[in-house]
Amino acid sequence: MSRFLGHFGGVAWPLCAICIAGVTLAVPAAAQDGPANHARADDIVVEGRRDRDKQLQDFVRGLSFAPNSDSLARWDGSDSCPLTIGLQPADNKAITDRIRRVAAAAKIPLAPAGCNKWNILVIFTDDKAAMVKRLEKQVPDLFVNHRGDLIRIRKEAGPALAWHVNGMVSRDGQLLPSGGDAPAENRTALGATRLAVAARPIYLVSVVVIEIRGTEGLTRTQLADYAAMRAYSDADPAKADKTGAPTILTVLTAPIGSATPPSMTTWDFSFLKGLYASQAVLYANAQRGAIVETMKRELDGTKE
């Protein structure tokens with residue numbers, strides 16, 4: 001795994017190879033943003049509904065895939081460096097810039113502008129299944145975790161899919177070595193307690209693949225905010241949709257002409273803020289509780 005990820009997730013050469021090694025990604029430009037969608041970093045969110053405890057809990061569970069015996073995976077220890085390919089250059093840049101603004105506003109680890117060790121890849125393509133097969137051949141390490149196990153990509157009925165390459169760090173934040181027969185939890189001097197895990201997952205690489213057919217009528221802001229939610233969390237659009245909560249995660253599957261959020265909603269953004277503000281070493285159930293509390297404060301317009 002080290003030949004691909006290098007130190008803590010730097011993946012400049014293989015992702016660059018995707019851009020130039022025979023992958024045809026030239027497609028029509030995405031819909032242009034209207035004036036209302038040129039949001040500043042502090043204007044990302046729109047108003048959500050309040051006091052929906054059960055709905056909040058269901059929403060958080062749908063966006064945080066992990067058993068209660070683990071902690072929630074997120075970017076931690078390595079800075080995220082997004083790259084968008086598949087659209088016209090101006091659209092690629094606009095979407096990448098917007099993803100960076102979301103990360104900065106939510107206090108997600110972010111590499112400086114101009115970084116080239118890309119570890120977040122947003123790909124626009126005509127056929128997501130064909131793109132996955134091509135990536136499997138060209139960059140097979142995108143499909144194995146830190147132990148070398150194959151990653152099981154969740155099947156998605158819509159025009160997009162996403163997955164993460166995870167690493168493991170000890171409770172004190174040290175990257176655990178890949179390979180070996182011993183579980184990662186046993187390769188740290190700090191043992192688990194009733195309140196804190198011994199080792200926790202982190203994102204090393206995030207991949208988001210979006211089919212062009214799902215982008216009709218959408219702005220670059222909507223596409224970028226959707227991609228940001230998928231890249232920076234384990235968000236499951238289908239589960240989020242079932243909660244009835246306002247979320248950008250529904251924009252790719254909403255019927256043409258139906259009302260969709262113009263950008264990331266308060267529910268979405270407050271979830272990201274809560275995820276990255278929660279204590280990393282807590283078990284998932286405790287982290288989810290902290291995220292819900294953050295979302296309540298955001299939705300109620302109160303401060304900590």
# chains A, B, ... in the order shown; residues from 1 in each chain; ligands from 1

call {"tool": "residues_around", "arguments": {"residues": "region 246-254 of chain A", "least_positions_apart": "5", "cutoff": "7 Å", "atoms": "only C-alpha atoms", "output": "number ranges by chain"}}
result
A: 48, 158-159, 214-215, 225-226, 237, 241, 260-261, 263-265, 267-268

call {"tool": "write_last_selection", "arguments": {"atoms": "N, CA and C atoms", "output": "PDB file, in the first residue's frame"}}
result
ATOM      1  N   GLY A  48     -32.825  25.306   7.701  1.00  0.00           N
ATOM      2  CA  GLY A  48     -33.455  24.001   7.846  1.00  0.00           C
ATOM      3  C   GLY A  48     -34.559  24.055   8.879  1.00  0.00           C
ATOM      4  N   GLY A 158     -28.564   5.256  -8.134  1.00  0.00           N
ATOM      5  CA  GLY A 158     -28.545   6.524  -8.844  1.00  0.00           C
ATOM      6  C   GLY A 158     -27.333   6.686  -9.737  1.00  0.00           C
ATOM      7  N   PRO A 159     -27.115   7.907 -10.227  1.00  0.00           N
ATOM      8  CA  PRO A 159     -26.038   8.162 -11.185  1.00  0.00           C
ATOM      9  C   PRO A 159     -24.679   8.435 -10.541  1.00  0.00           C
ATOM     10  N   GLY A 214     -26.833  12.546 -14.609  1.00  0.00           N
ATOM     11  CA  GLY A 214     -27.407  13.030 -13.360  1.00  0.00           C
ATOM     12  C   GLY A 214     -27.185  14.496 -13.101  1.00  0.00           C
ATOM     13  N   THR A 215     -26.455  15.187 -14.001  1.00  0.00           N
ATOM     14  CA  THR A 215     -26.107  16.587 -13.759  1.00  0.00           C
ATOM     15  C   THR A 215     -27.007  17.572 -14.490  1.00  0.00           C
ATOM     16  N   ASP A 225     -21.170  20.748  -3.893  1.00  0.00           N
ATOM     17  CA  ASP A 225     -21.632  20.490  -2.527  1.00  0.00           C
ATOM     18  C   ASP A 225     -22.031  19.034  -2.339  1.00  0.00           C
ATOM     19  N   TYR A 226     -22.637  18.447  -3.378  1.00  0.00           N
ATOM     20  CA  TYR A 226     -22.941  17.015  -3.324  1.00  0.00           C
ATOM     21  C   TYR A 226     -21.649  16.212  -3.183  1.00  0.00           C
ATOM     22  N   PRO A 237     -26.863   8.725   0.276  1.00  0.00           N
ATOM     23  CA  PRO A 237     -27.975   9.542  -0.208  1.00  0.00           C
ATOM     24  C   PRO A 237     -29.339   8.874  -0.041  1.00  0.00           C
ATOM     25  N   ASP A 241     -32.287  10.501   2.143  1.00  0.00           N
ATOM     26  CA  ASP A 241     -33.545  10.852   1.482  1.00  0.00           C
ATOM     27  C   ASP A 241     -34.748  10.311   2.255  1.00  0.00           C
ATOM     28  N   THR A 260     -35.102  21.609  -5.712  1.00  0.00           N
ATOM     29  CA  THR A 260     -33.897  21.044  -5.100  1.00  0.00           C
ATOM     30  C   THR A 260     -33.153  22.155  -4.374  1.00  0.00           C
ATOM     31  N   PRO A 261     -32.410  21.831  -3.344  1.00  0.00           N
ATOM     32  CA  PRO A 261     -31.631  22.865  -2.646  1.00  0.00           C
ATOM     33  C   PRO A 261     -30.631  23.508  -3.590  1.00  0.00           C
ATOM     34  N   SER A 263     -27.925  24.815  -2.781  1.00  0.00           N
ATOM     35  CA  SER A 263     -26.586  24.581  -2.259  1.00  0.00           C
ATOM     36  C   SER A 263     -26.716  23.661  -1.045  1.00  0.00           C
ATOM     37  N   MET A 264     -25.603  23.399  -0.399  1.00  0.00           N
ATOM     38  CA  MET A 264     -25.595  22.598   0.813  1.00  0.00           C
ATOM     39  C   MET A 264     -26.545  23.217   1.839  1.00  0.00           C
ATOM     40  N   THR A 265     -27.363  22.379   2.482  1.00  0.00           N
ATOM     41  CA  THR A 265     -28.337  22.888   3.435  1.00  0.00           C
ATOM     42  C   THR A 265     -27.732  23.005   4.831  1.00  0.00           C
ATOM     43  N   TRP A 267     -28.740  21.446   7.356  1.00  0.00           N
ATOM     44  CA  TRP A 267     -28.617  20.081   7.861  1.00  0.00           C
ATOM     45  C   TRP A 267     -27.294  19.467   7.410  1.00  0.00           C
ATOM     46  N   ASP A 268     -26.967  19.617   6.137  1.00  0.00           N
ATOM     47  CA  ASP A 268     -25.728  19.060   5.603  1.00  0.00           C
ATOM     48  C   ASP A 268     -24.500  19.678   6.265  1.00  0.00           C
TER      49      ASP A 268
END

call {"tool": "atom_distance", "arguments": {"atom1": "CA of Leu150 (chain A)", "atom2": "CA of Asp79 (chain A)"}}
result
24.0 Å

call {"tool": "select_by_dssp", "arguments": {"residues": "region 41-132 of chain A", "states": "strand (DSSP E)", "output": "list in words"}}
result
Pro82, Leu83, Thr84, Ile85, Ile120, Leu121, Val122, Ile123, Phe124 and Thr125 of chain A

call {"tool": "write_last_selection", "arguments": {"atoms": "all heavy atoms", "output": "mmCIF file, in the first residue's frame"}}
result
data_model
loop_
_atom_site.group_PDB
_atom_site.id
_atom_site.type_symbol
_atom_site.label_atom_id
_atom_site.label_comp_id
_atom_site.auth_asym_id
_atom_site.auth_seq_id
_atom_site.Cartn_x
_atom_site.Cartn_y
_atom_site.Cartn_z
ATOM 1 N N PRO A 82 -8.434 18.117 -2.990
ATOM 2 C CA PRO A 82 -9.391 17.664 -4.006
ATOM 3 C C PRO A 82 -8.959 17.972 -5.435
ATOM 4 O O PRO A 82 -8.241 18.930 -5.700
ATOM 5 C CB PRO A 82 -10.667 18.445 -3.650
ATOM 6 C CG PRO A 82 -10.171 19.683 -2.975
ATOM 7 C CD PRO A 82 -8.903 19.300 -2.263
ATOM 8 N N LEU A 83 -9.413 17.119 -6.347
ATOM 9 C CA LEU A 83 -9.204 17.295 -7.783
ATOM 10 C C LEU A 83 -10.481 16.870 -8.492
ATOM 11 O O LEU A 83 -11.050 15.823 -8.182
ATOM 12 C CB LEU A 83 -8.038 16.441 -8.273
ATOM 13 C CG LEU A 83 -7.838 16.371 -9.797
ATOM 14 C CD1 LEU A 83 -7.292 17.704 -10.312
ATOM 15 C CD2 LEU A 83 -6.887 15.232 -10.169
ATOM 16 N N THR A 84 -10.945 17.681 -9.430
ATOM 17 C CA THR A 84 -12.119 17.358 -10.239
ATOM 18 C C THR A 84 -11.678 17.163 -11.676
ATOM 19 O O THR A 84 -10.927 17.980 -12.224
ATOM 20 C CB THR A 84 -13.162 18.487 -10.182
ATOM 21 O OG1 THR A 84 -13.514 18.745 -8.829
ATOM 22 C CG2 THR A 84 -14.420 18.102 -10.969
ATOM 23 N N ILE A 85 -12.133 16.086 -12.311
ATOM 24 C CA ILE A 85 -11.839 15.848 -13.720
ATOM 25 C C ILE A 85 -13.119 15.388 -14.426
ATOM 26 O O ILE A 85 -14.051 14.901 -13.803
ATOM 27 C CB ILE A 85 -10.729 14.796 -13.913
ATOM 28 C CG1 ILE A 85 -11.121 13.462 -13.263
ATOM 29 C CG2 ILE A 85 -9.410 15.279 -13.350
ATOM 30 C CD1 ILE A 85 -10.089 12.351 -13.485
ATOM 31 N N ILE A 120 -8.531 13.469 -2.909
ATOM 32 C CA ILE A 120 -9.979 13.467 -3.161
ATOM 33 C C ILE A 120 -10.153 13.602 -4.665
ATOM 34 O O ILE A 120 -9.737 14.604 -5.267
ATOM 35 C CB ILE A 120 -10.704 14.603 -2.431
ATOM 36 C CG1 ILE A 120 -10.699 14.346 -0.925
ATOM 37 C CG2 ILE A 120 -12.139 14.741 -2.945
ATOM 38 C CD1 ILE A 120 -11.390 15.423 -0.120
ATOM 39 N N LEU A 121 -10.738 12.608 -5.282
ATOM 40 C CA LEU A 121 -10.918 12.586 -6.732
ATOM 41 C C LEU A 121 -12.404 12.581 -7.058
ATOM 42 O O LEU A 121 -13.135 11.673 -6.673
ATOM 43 C CB LEU A 121 -10.259 11.340 -7.322
ATOM 44 C CG LEU A 121 -10.339 11.166 -8.835
ATOM 45 C CD1 LEU A 121 -9.630 12.319 -9.544
ATOM 46 C CD2 LEU A 121 -9.742 9.836 -9.259
ATOM 47 N N VAL A 122 -12.858 13.625 -7.740
ATOM 48 C CA VAL A 122 -14.238 13.725 -8.206
ATOM 49 C C VAL A 122 -14.213 13.558 -9.721
ATOM 50 O O VAL A 122 -13.633 14.380 -10.435
ATOM 51 C CB VAL A 122 -14.868 15.076 -7.814
ATOM 52 C CG1 VAL A 122 -16.313 15.146 -8.319
ATOM 53 C CG2 VAL A 122 -14.820 15.275 -6.305
ATOM 54 N N ILE A 123 -14.835 12.493 -10.195
ATOM 55 C CA ILE A 123 -14.795 12.150 -11.619
ATOM 56 C C ILE A 123 -16.189 12.256 -12.223
ATOM 57 O O ILE A 123 -17.147 11.650 -11.715
ATOM 58 C CB ILE A 123 -14.282 10.717 -11.831
ATOM 59 C CG1 ILE A 123 -12.908 10.522 -11.196
ATOM 60 C CG2 ILE A 123 -14.235 10.376 -13.315
ATOM 61 C CD1 ILE A 123 -12.411 9.094 -11.265
ATOM 62 N N PHE A 124 -16.321 13.005 -13.294
ATOM 63 C CA PHE A 124 -17.554 13.045 -14.077
ATOM 64 C C PHE A 124 -17.346 12.184 -15.320
ATOM 65 O O PHE A 124 -16.344 12.319 -16.021
ATOM 66 C CB PHE A 124 -17.906 14.489 -14.454
ATOM 67 C CG PHE A 124 -18.353 15.316 -13.288
ATOM 68 C CD1 PHE A 124 -17.431 16.014 -12.526
ATOM 69 C CD2 PHE A 124 -19.693 15.374 -12.934
ATOM 70 C CE1 PHE A 124 -17.826 16.764 -11.432
ATOM 71 C CE2 PHE A 124 -20.105 16.127 -11.843
ATOM 72 C CZ PHE A 124 -19.175 16.823 -11.088
ATOM 73 N N THR A 125 -18.294 11.317 -15.591
ATOM 74 C CA THR A 125 -18.124 10.345 -16.666
ATOM 75 C C THR A 125 -19.483 9.967 -17.237
ATOM 76 O O THR A 125 -20.533 10.247 -16.642
ATOM 77 C CB THR A 125 -17.413 9.088 -16.132
ATOM 78 O OG1 THR A 125 -17.198 8.159 -17.199
ATOM 79 C CG2 THR A 125 -18.232 8.413 -15.042
#

call {"tool": "closest_residue", "arguments": {"among": "A:Leu204, A:Ile151, A:Ala106, A:Ala162", "to": "Asn119 (chain A)", "atoms": "only C-alpha atoms"}}
result
A:Leu204
